[in-house]
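Below is one structure, written out as structure tokens; comments come after it.
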Amino acid sequence: MSQSNELTLSREDIVRLSERVEGAQTRAYAIPKLTDEYPAMTIADGYAVQSELRRRYLAAGHRLVGWKAGLTSKAKMQQMGVNVPSIGFLTDRMARPENSAISTADLVHPRVECEVAFVMKKDLHGPGCTREDVLDATDYVLPAVEIIDSRFSGFKFDLASVIADNGSSARFVGGGRARYFEELDLRTLGVVMEKNGETVAMGASAAVLGHPAEAIAMLVNILADMGEHLPAGSFVMSGGITEAIPVKPGDSVVARFQELGSVSMRFV
Amino acid sequence: MNEEKIRQYGDELYECFVARKTVPPLLEREPDITLDDAYRIQLRFIERRVQAGERIVGKKIGVTSKPVQDFLGVFQPDFGQLTSGMVYQEGDVIDLGSLIQPKAEAELAFVLKHDLKGPGVTAMDVIRATDYVVPCFEIVDSRINDWKIRIQDTVADNASCGVYVLGKTKGDPRKLDITLAGMVLEKNGEVHSTGVGAAVQGSPANAVAWLANTLGELGIPFKAGEVILSGSQSALVPVVDGDELVCTVGGLGSCRVKFSGRSAV
């Protein structure tokens with residue numbers, strides 16, 4: 001895979017790959033990473049496939065509710081050889097209510113991560129969007145759990161493939177307590193994830209690029225590269241504070257956040 | 001282990017501490033050494049420091065996280081003694097020349113306003129007896145070659161205690177969620193690792209209660225005014241000349257420390 005940001009795929013290939021990803025997402029099966037067939041695929045190609053995937057979902061009546069940042073920890077970025085996060089889109093079909101039973105039958109190999117989520121009150125436009133711009137445009141923050149699910153066999157992928165697969169986005173649960181960011185220190189929020197009553201992951205919010213709003217600023221700047229912006233009302237997840245924990249039917253998950261309450265769900 | 005050997009190993013560790021040298025693991029030389037023997041060796045080591053003019057000012061709790069317990073093959077924490085010679089104030093520069101193979105860890109320290117004596121102490125009793133909590137750094141150090149420790153080695157070696165630094169921001173544990181308070185450790189201006197109070201025995205107060213009960217079995221109370229380091233919430237950070245570390249506890253405050261000089265190893 002090339003790190004260059006040139007588009008190498010033809011329009012035909014982009015449509016073909018977006019259909020392939022849509023099939024894997026909708027019918028929950030694993031596919032080989034896209035770069036097996038297109039080794040020259042770039043990050044720009046990945047976003048082109050993701051945009052086509054989004055167009056297809058929206059044309060089918062799904063509603064775009066927000067975005068998510070991924071690869072926001074230094075360790076993950078180094079592992080993937082990049083210095084910016086990846087982004088993915090979120091639709092109403094991915095949302096699950098707090099305290100609900102989440103079906104795993106329509107997922108391939110789900111994992112859960114704790115994140116700080118932002119809800120925006122103003123439009124944000126890049127490039128040049130900063131952490132301060134993000135905070136200025138934030139209505140409130142809340143705790144969230146993202147259920148990621150790579151559609152690639154064995155969670156084995158490269159950056160271009162994972163971007164085409166919408167950053168492994170699958171489901172999300174927002175909950176807990178909505179708060180004004182001014183009342184919190186968004187860098188030092190402690191988080192504990194419990195699975196079946198046992199602590200399985202811990203951390204503090206500075207694990208996300210030093211400050212979660214930094215990830216949102218980068219997300220807005222990536223949107224600007226694609227000629228898009230982050231509209232008011234968007235729900236935005238800033239990236240995993242904790243490592244991703246696999247879940248299976250029967251598992252019960254509670255994410256406990258300092259100052260923000262908790263988010264719980266079970267898997268069936 | 002007979003009294004003579006206990007004395008011999010306690011003296012050996014004290015002499016290592018003074019000369020800033022290390023020795024092979026005790027367990028290599030005494031395969032049958034028990035945890036009880038190890039605590040008796042620790043008492044002798046500390047006795048020598050007190051004879052040399054130091055005072056006991058508190059306790060430290062170690063081996064409080066599941067990964068460290070798994071690594072050492074134990075299911076409970078350990079403890080060591082804090083002495084007056086280990087104390088640094090926030091803003092001081094720690095002289096690495098006084099240490100052997102130091103590593104830093106970020107913790108929450110408790111300072112008591114009432115005596116607390118186990119057995120039968122709960123986490124609720126701990127909060128009630130606490131005057132305040134502060135963010136702190138413990139600089140652990142080992143008198144054992146290359147940190148090749150098993151539980152008996154670290155216990156005999158005063159739970160690998162080196163020196164410690166208390167932050168200045170005092171918090172009331174009734175106003176702070178010590179279980180969910182995040183811990184951010186920065187090294188030279190960059191986030192090094194993050195953690196949370198729950199990493200320590202489910203809550204730092206649980207670790208303090210464990211120690212109150214463990215000491216209670218031996219007839220030793222926690223005294224009002226004593227400092228108790230409750231256990232690491234961060235990864236271990238090796239430190240060298242010029243390094244600056246800051247730990248910040250969410251809802252509480254920070255502790256900042258600088259290092260200069262060269263450690264023995």
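Simple scheme: letters A, B, ... for chains in structure tokens order, numbers from 1 for residues in each chain, numbers from 1 for ligands in the order shown.
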* Could you give me, as a PyMOL selection string, the residues within 9 Å of Glu244 (chain B), counting only C-alpha atoms and dropping anything in the same chain fewer than 5 positions from it? => chain B and resi 186-189+239+256-259
Write out, as CSV, each residue of chain A that has an atom at most 12 Å from chain B, together with the closest pair of atoms and their distance in Å to one decimal, counting only C-alpha atoms, rows going by chain and rising number.
```
residue,atom,partner,partner_atom,distance
A:Ser73,CA,B:Val191,CA,10.3
A:Lys74,CA,B:Val191,CA,9.3
A:Ala75,CA,B:Ser193,CA,10.6
A:Glu183,CA,B:Gly251,CA,10.5
A:Leu184,CA,B:Gly251,CA,8.3
A:Asp185,CA,B:Gly250,CA,7.0
A:Leu186,CA,B:Gly250,CA,8.9
A:Arg187,CA,B:Gly250,CA,7.9
A:Thr188,CA,B:Gly250,CA,4.6
A:Leu189,CA,B:Gly182,CA,4.9
A:Gly190,CA,B:Gly182,CA,3.4
A:Val191,CA,B:Leu180,CA,6.4
A:Val192,CA,B:Leu180,CA,7.2
A:Met193,CA,B:Ala198,CA,10.2
A:Glu194,CA,B:Ala198,CA,11.0
A:Gly197,CA,B:Gly202,CA,11.6
A:Glu198,CA,B:Gly202,CA,9.9
A:Thr199,CA,B:Gly202,CA,8.3
A:Val200,CA,B:Ala199,CA,10.2
A:Ala201,CA,B:Ala199,CA,9.1
A:Met202,CA,B:Gly195,CA,6.1
A:Gly203,CA,B:Gly195,CA,4.2
A:Ala204,CA,B:Gly182,CA,4.8
A:Ser205,CA,B:Gly182,CA,7.6
A:Ala206,CA,B:Val184,CA,6.6
A:Ala207,CA,B:Thr194,CA,6.2
A:Val208,CA,B:Val191,CA,9.5
A:Leu209,CA,B:Val191,CA,8.3
A:Gly210,CA,B:Val191,CA,6.2
A:His211,CA,B:Val191,CA,9.8
A:Ile241,CA,B:Thr194,CA,9.1
A:Thr242,CA,B:Thr194,CA,9.7
A:Ala255,CA,B:Leu180,CA,10.9
A:Arg256,CA,B:Leu180,CA,7.6
A:Phe257,CA,B:Leu180,CA,6.6
A:Gln258,CA,B:Leu180,CA,5.0
A:Glu259,CA,B:Leu180,CA,8.4
A:Leu260,CA,B:Leu180,CA,10.2
A:Gly261,CA,B:Leu180,CA,10.0
A:Ser262,CA,B:Leu180,CA,10.9
```
Take the residues just selected and output them with N, CA, C and O atoms as a compact mmCIF listing (two decimals), in the first residue's frame.
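File written: out01.txt
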```txt
# COMPACT_ATOMS: atom_id res chain seq x y z
N SER A 73 -4.61 6.70 19.20
CA SER A 73 -3.53 6.58 20.18
C SER A 73 -2.20 6.53 19.46
O SER A 73 -2.10 6.08 18.32
N LYS A 74 -1.17 7.02 20.13
CA LYS A 74 0.16 7.05 19.55
C LYS A 74 0.60 5.65 19.12
O LYS A 74 1.15 5.45 18.05
N ALA A 75 0.31 4.67 19.99
CA ALA A 75 0.72 3.29 19.71
C ALA A 75 0.10 2.80 18.40
O ALA A 75 0.77 2.21 17.55
N GLU A 183 -17.15 22.32 32.56
CA GLU A 183 -17.20 21.84 33.95
C GLU A 183 -16.26 20.67 34.19
O GLU A 183 -16.24 20.10 35.27
N LEU A 184 -15.52 20.28 33.16
CA LEU A 184 -14.69 19.07 33.25
C LEU A 184 -13.27 19.37 32.81
O LEU A 184 -13.02 20.34 32.11
N ASP A 185 -12.35 18.50 33.22
CA ASP A 185 -11.04 18.49 32.60
C ASP A 185 -11.04 17.33 31.62
O ASP A 185 -10.94 16.17 32.02
N LEU A 186 -11.19 17.65 30.35
CA LEU A 186 -11.35 16.58 29.33
C LEU A 186 -10.07 15.76 29.14
O LEU A 186 -10.11 14.74 28.46
N ARG A 187 -8.95 16.19 29.72
CA ARG A 187 -7.71 15.42 29.57
C ARG A 187 -7.61 14.27 30.56
O ARG A 187 -6.96 13.29 30.31
N THR A 188 -8.20 14.46 31.74
CA THR A 188 -7.89 13.54 32.84
C THR A 188 -9.07 12.68 33.27
O THR A 188 -9.06 12.13 34.36
N LEU A 189 -10.08 12.55 32.42
CA LEU A 189 -11.23 11.71 32.79
C LEU A 189 -10.80 10.25 32.85
O LEU A 189 -10.34 9.68 31.87
N GLY A 190 -10.99 9.63 34.00
CA GLY A 190 -10.66 8.22 34.15
C GLY A 190 -11.78 7.35 33.60
O GLY A 190 -12.96 7.73 33.63
N VAL A 191 -11.40 6.19 33.04
CA VAL A 191 -12.36 5.28 32.44
C VAL A 191 -12.03 3.84 32.84
O VAL A 191 -10.87 3.44 32.85
N VAL A 192 -13.07 3.10 33.19
CA VAL A 192 -12.92 1.68 33.51
C VAL A 192 -13.93 0.90 32.69
O VAL A 192 -15.11 1.25 32.70
N MET A 193 -13.48 -0.11 31.96
CA MET A 193 -14.43 -0.96 31.25
C MET A 193 -14.52 -2.30 31.95
O MET A 193 -13.51 -2.94 32.23
N GLU A 194 -15.77 -2.70 32.25
CA GLU A 194 -15.99 -3.99 32.92
C GLU A 194 -16.77 -4.90 31.99
O GLU A 194 -17.73 -4.47 31.35
N GLY A 197 -18.66 -8.06 34.94
CA GLY A 197 -18.29 -7.72 36.31
C GLY A 197 -16.81 -7.66 36.58
O GLY A 197 -16.38 -7.35 37.69
N GLU A 198 -16.00 -7.94 35.57
CA GLU A 198 -14.56 -7.90 35.77
C GLU A 198 -13.94 -6.73 34.99
O GLU A 198 -14.33 -6.50 33.84
N THR A 199 -12.99 -6.04 35.61
CA THR A 199 -12.34 -4.93 34.91
C THR A 199 -11.46 -5.50 33.79
O THR A 199 -10.62 -6.36 34.03
N VAL A 200 -11.68 -5.02 32.57
CA VAL A 200 -10.91 -5.54 31.44
C VAL A 200 -10.05 -4.47 30.75
O VAL A 200 -9.14 -4.81 30.00
N ALA A 201 -10.34 -3.20 30.99
CA ALA A 201 -9.53 -2.15 30.36
C ALA A 201 -9.68 -0.87 31.18
O ALA A 201 -10.74 -0.61 31.76
N MET A 202 -8.59 -0.09 31.24
CA MET A 202 -8.60 1.15 32.03
C MET A 202 -7.75 2.20 31.33
O MET A 202 -6.86 1.87 30.57
N GLY A 203 -8.04 3.45 31.62
CA GLY A 203 -7.20 4.51 31.08
C GLY A 203 -7.76 5.87 31.46
O GLY A 203 -8.70 5.97 32.24
N ALA A 204 -7.14 6.90 30.92
CA ALA A 204 -7.64 8.27 31.08
C ALA A 204 -7.67 8.92 29.70
O ALA A 204 -6.94 8.52 28.78
N SER A 205 -8.53 9.94 29.56
CA SER A 205 -8.86 10.47 28.24
C SER A 205 -7.68 11.10 27.49
O SER A 205 -7.74 11.23 26.27
N ALA A 206 -6.61 11.46 28.19
CA ALA A 206 -5.44 11.99 27.49
C ALA A 206 -4.80 10.95 26.58
O ALA A 206 -3.95 11.29 25.75
N ALA A 207 -5.20 9.68 26.72
CA ALA A 207 -4.69 8.64 25.82
C ALA A 207 -5.07 8.94 24.37
O ALA A 207 -4.44 8.43 23.44
N VAL A 208 -6.11 9.78 24.17
CA VAL A 208 -6.52 10.17 22.82
C VAL A 208 -5.80 11.47 22.45
O VAL A 208 -6.24 12.56 22.80
N LEU A 209 -4.68 11.34 21.78
CA LEU A 209 -3.93 12.49 21.24
C LEU A 209 -3.68 13.59 22.26
O LEU A 209 -3.58 14.75 21.91
N GLY A 210 -3.60 13.22 23.55
CA GLY A 210 -3.35 14.20 24.60
C GLY A 210 -4.61 14.92 25.07
O GLY A 210 -4.65 15.44 26.17
N HIS A 211 -5.63 14.95 24.22
CA HIS A 211 -6.90 15.64 24.53
C HIS A 211 -7.92 15.20 23.47
O HIS A 211 -7.66 15.34 22.27
N ILE A 241 -10.23 5.29 24.25
CA ILE A 241 -9.31 5.58 25.36
C ILE A 241 -8.67 4.27 25.80
O ILE A 241 -7.53 4.21 26.20
N THR A 242 -9.47 3.21 25.70
CA THR A 242 -9.01 1.89 26.12
C THR A 242 -8.81 1.01 24.90
O THR A 242 -9.31 1.31 23.82
N ALA A 255 -19.20 0.54 30.88
CA ALA A 255 -18.08 1.49 30.80
C ALA A 255 -18.36 2.58 31.83
O ALA A 255 -19.41 3.23 31.77
N ARG A 256 -17.46 2.75 32.78
CA ARG A 256 -17.64 3.75 33.85
C ARG A 256 -16.68 4.89 33.61
O ARG A 256 -15.49 4.69 33.42
N PHE A 257 -17.23 6.11 33.59
CA PHE A 257 -16.43 7.31 33.29
C PHE A 257 -16.45 8.24 34.49
O PHE A 257 -17.51 8.49 35.06
N GLN A 258 -15.29 8.80 34.83
CA GLN A 258 -15.24 9.85 35.85
C GLN A 258 -16.11 11.02 35.39
O GLN A 258 -15.99 11.47 34.24
N GLU A 259 -16.97 11.51 36.23
CA GLU A 259 -17.81 12.70 35.99
C GLU A 259 -18.92 12.52 34.94
O GLU A 259 -19.76 13.39 34.78
N LEU A 260 -18.88 11.43 34.17
CA LEU A 260 -19.84 11.30 33.07
C LEU A 260 -20.80 10.12 33.26
O LEU A 260 -21.61 9.84 32.37
N GLY A 261 -20.70 9.43 34.38
CA GLY A 261 -21.59 8.29 34.60
C GLY A 261 -21.11 7.07 33.84
O GLY A 261 -19.94 6.92 33.53
N SER A 262 -22.05 6.19 33.52
CA SER A 262 -21.65 4.94 32.88
C SER A 262 -22.55 4.62 31.69
O SER A 262 -23.61 5.21 31.52
```
With only C-alpha atoms counted and 10 Å as the cut-off, give the residues of region 66-116 of chain A in contact with region 40-54 of chain A, each with its shortest interatomic distance in Å and the pair that gives it, as CSV.
```
residue,atom,partner,partner_atom,distance
A:Ser86,CA,A:Ile43,CA,9.3
A:Ile87,CA,A:Tyr47,CA,8.9
A:Gly88,CA,A:Gln50,CA,7.8
A:Phe89,CA,A:Arg54,CA,7.5
A:Leu90,CA,A:Arg54,CA,9.2
A:Thr91,CA,A:Arg54,CA,9.0
```
* Could you pull out all residues of region 95-193 of chain B with a DSSP call of helix (DSSP H, G or I) and give them as a ChimeraX atom specification? -> /B:96-98,123-129,145-147,151-156,158-160
Could you save those same residues with C-alpha atoms as a PDB file, in the first residue's frame?
```
ATOM      1  CA  LEU B  96      19.853  10.135  40.384  1.00  0.00           C
ATOM      2  CA  GLY B  97      23.355   9.779  41.846  1.00  0.00           C
ATOM      3  CA  SER B  98      21.698   8.610  45.057  1.00  0.00           C
ATOM      4  CA  ALA B 123     -12.426   1.078  52.583  1.00  0.00           C
ATOM      5  CA  MET B 124     -15.050   3.245  54.318  1.00  0.00           C
ATOM      6  CA  ASP B 125     -12.914   3.372  57.473  1.00  0.00           C
ATOM      7  CA  VAL B 126      -9.954   4.429  55.315  1.00  0.00           C
ATOM      8  CA  ILE B 127     -11.843   7.399  53.845  1.00  0.00           C
ATOM      9  CA  ARG B 128     -12.995   8.380  57.341  1.00  0.00           C
ATOM     10  CA  ALA B 129      -9.439   8.292  58.724  1.00  0.00           C
ATOM     11  CA  ASN B 145      20.687  -7.373  40.013  1.00  0.00           C
ATOM     12  CA  ASP B 146      18.814  -6.101  36.926  1.00  0.00           C
ATOM     13  CA  TRP B 147      15.465  -6.008  38.753  1.00  0.00           C
ATOM     14  CA  ILE B 151       8.003 -11.567  45.399  1.00  0.00           C
ATOM     15  CA  GLN B 152      10.395 -12.623  48.214  1.00  0.00           C
ATOM     16  CA  ASP B 153      13.219 -10.517  46.733  1.00  0.00           C
ATOM     17  CA  THR B 154      11.193  -7.335  46.452  1.00  0.00           C
ATOM     18  CA  VAL B 155       9.610  -7.738  49.900  1.00  0.00           C
ATOM     19  CA  ALA B 156      13.025  -8.265  51.571  1.00  0.00           C
ATOM     20  CA  ASN B 158      11.668  -2.969  51.274  1.00  0.00           C
ATOM     21  CA  ALA B 159       9.205  -3.450  48.402  1.00  0.00           C
ATOM     22  CA  SER B 160      11.810  -1.929  46.027  1.00  0.00           C
TER      23      SER B 160
END
```
* Asked: DSSP on the backbone: what in region 109-261 of chain B comes out strand (DSSP E or B), as a PyMOL selection string?
  -> chain B and resi 109-112+116+130-140+144+161-166+171+181-187+190-196+222+227-229+237-238+244-249+253-260
* Asked: Excluding same-chain residues fewer than 2 positions from Gly128 (chain A), what lies within 10 Å of it counting only C-alpha atoms, as a PyMOL selection string?
  -> chain A and resi 125-126+130-131+133+217-218+220-221+224
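Omitting Leu112 (chain B) and its sequence neighbours fewer than 3 positions away, and counting only C-alpha atoms, the residues within 8 Å are Asp115, Ala129, Thr130, Asp131, Tyr132, Lys223, Ala224, Gly225, Glu226 and Val227 of chain B.
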* Compile the contact shell of Phe267 (chain A) as a ChimeraX atom specification: residues with an atom at most 6 Å away, counting only C-alpha atoms, same-chain residues fewer than 5 positions apart removed. => /A:101-103,249-251
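With only C-alpha atoms as the atoms that count, the residue of A:Ala105, A:Ala59, A:Ala117, A:Ala215 with the shortest distance to Glu132 (chain A) is A:Ala215.
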* Structure fact -> Computed gap from CA of Met226 (chain A) to CA of Asn5 (chain A) is 11.5 Å
* Could you tell me which of B:Ile33, B:Val140, B:Leu13, B:Val111 comes closest to Val237 (chain B) if we count only C-alpha atoms? => B:Val140
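The smallest atom-to-atom distance between Gln76 (chain B) and any of B:Ala104, B:Val63, B:Ile94, B:Val134, using only C-alpha atoms, is found for B:Val63.
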* Asked: Could you state the separation of CA of Phe157 (chain A) and CA of Gly240 (chain A) in Å, given to one decimal place?
  -> 18.0 Å
* **Distance in Å - CA of Leu34 (chain A) versus CA of Glu12 (chain A)** => 14.6 Å
* Asked: Near region 94-98 of chain A, counting only C-alpha atoms, which residues have an atom at most 6 Å away, once you skip same-chain residues fewer than 2 positions from it, shown as a ChimeraX atom specification?
  -> /A:91-92,100,171-173,175,264
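Closest approach to Ala235 (chain B) among B:Val57, B:Ile144, B:Ala106, B:Val165: B:Ala106, based on only C-alpha atoms.
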* Do a neighbour search on region 215-217 of chain B at 7 Å with only C-alpha atoms, toss out local chain neighbours closer than 3 positions, and write the hits as a count of residues only. => 7
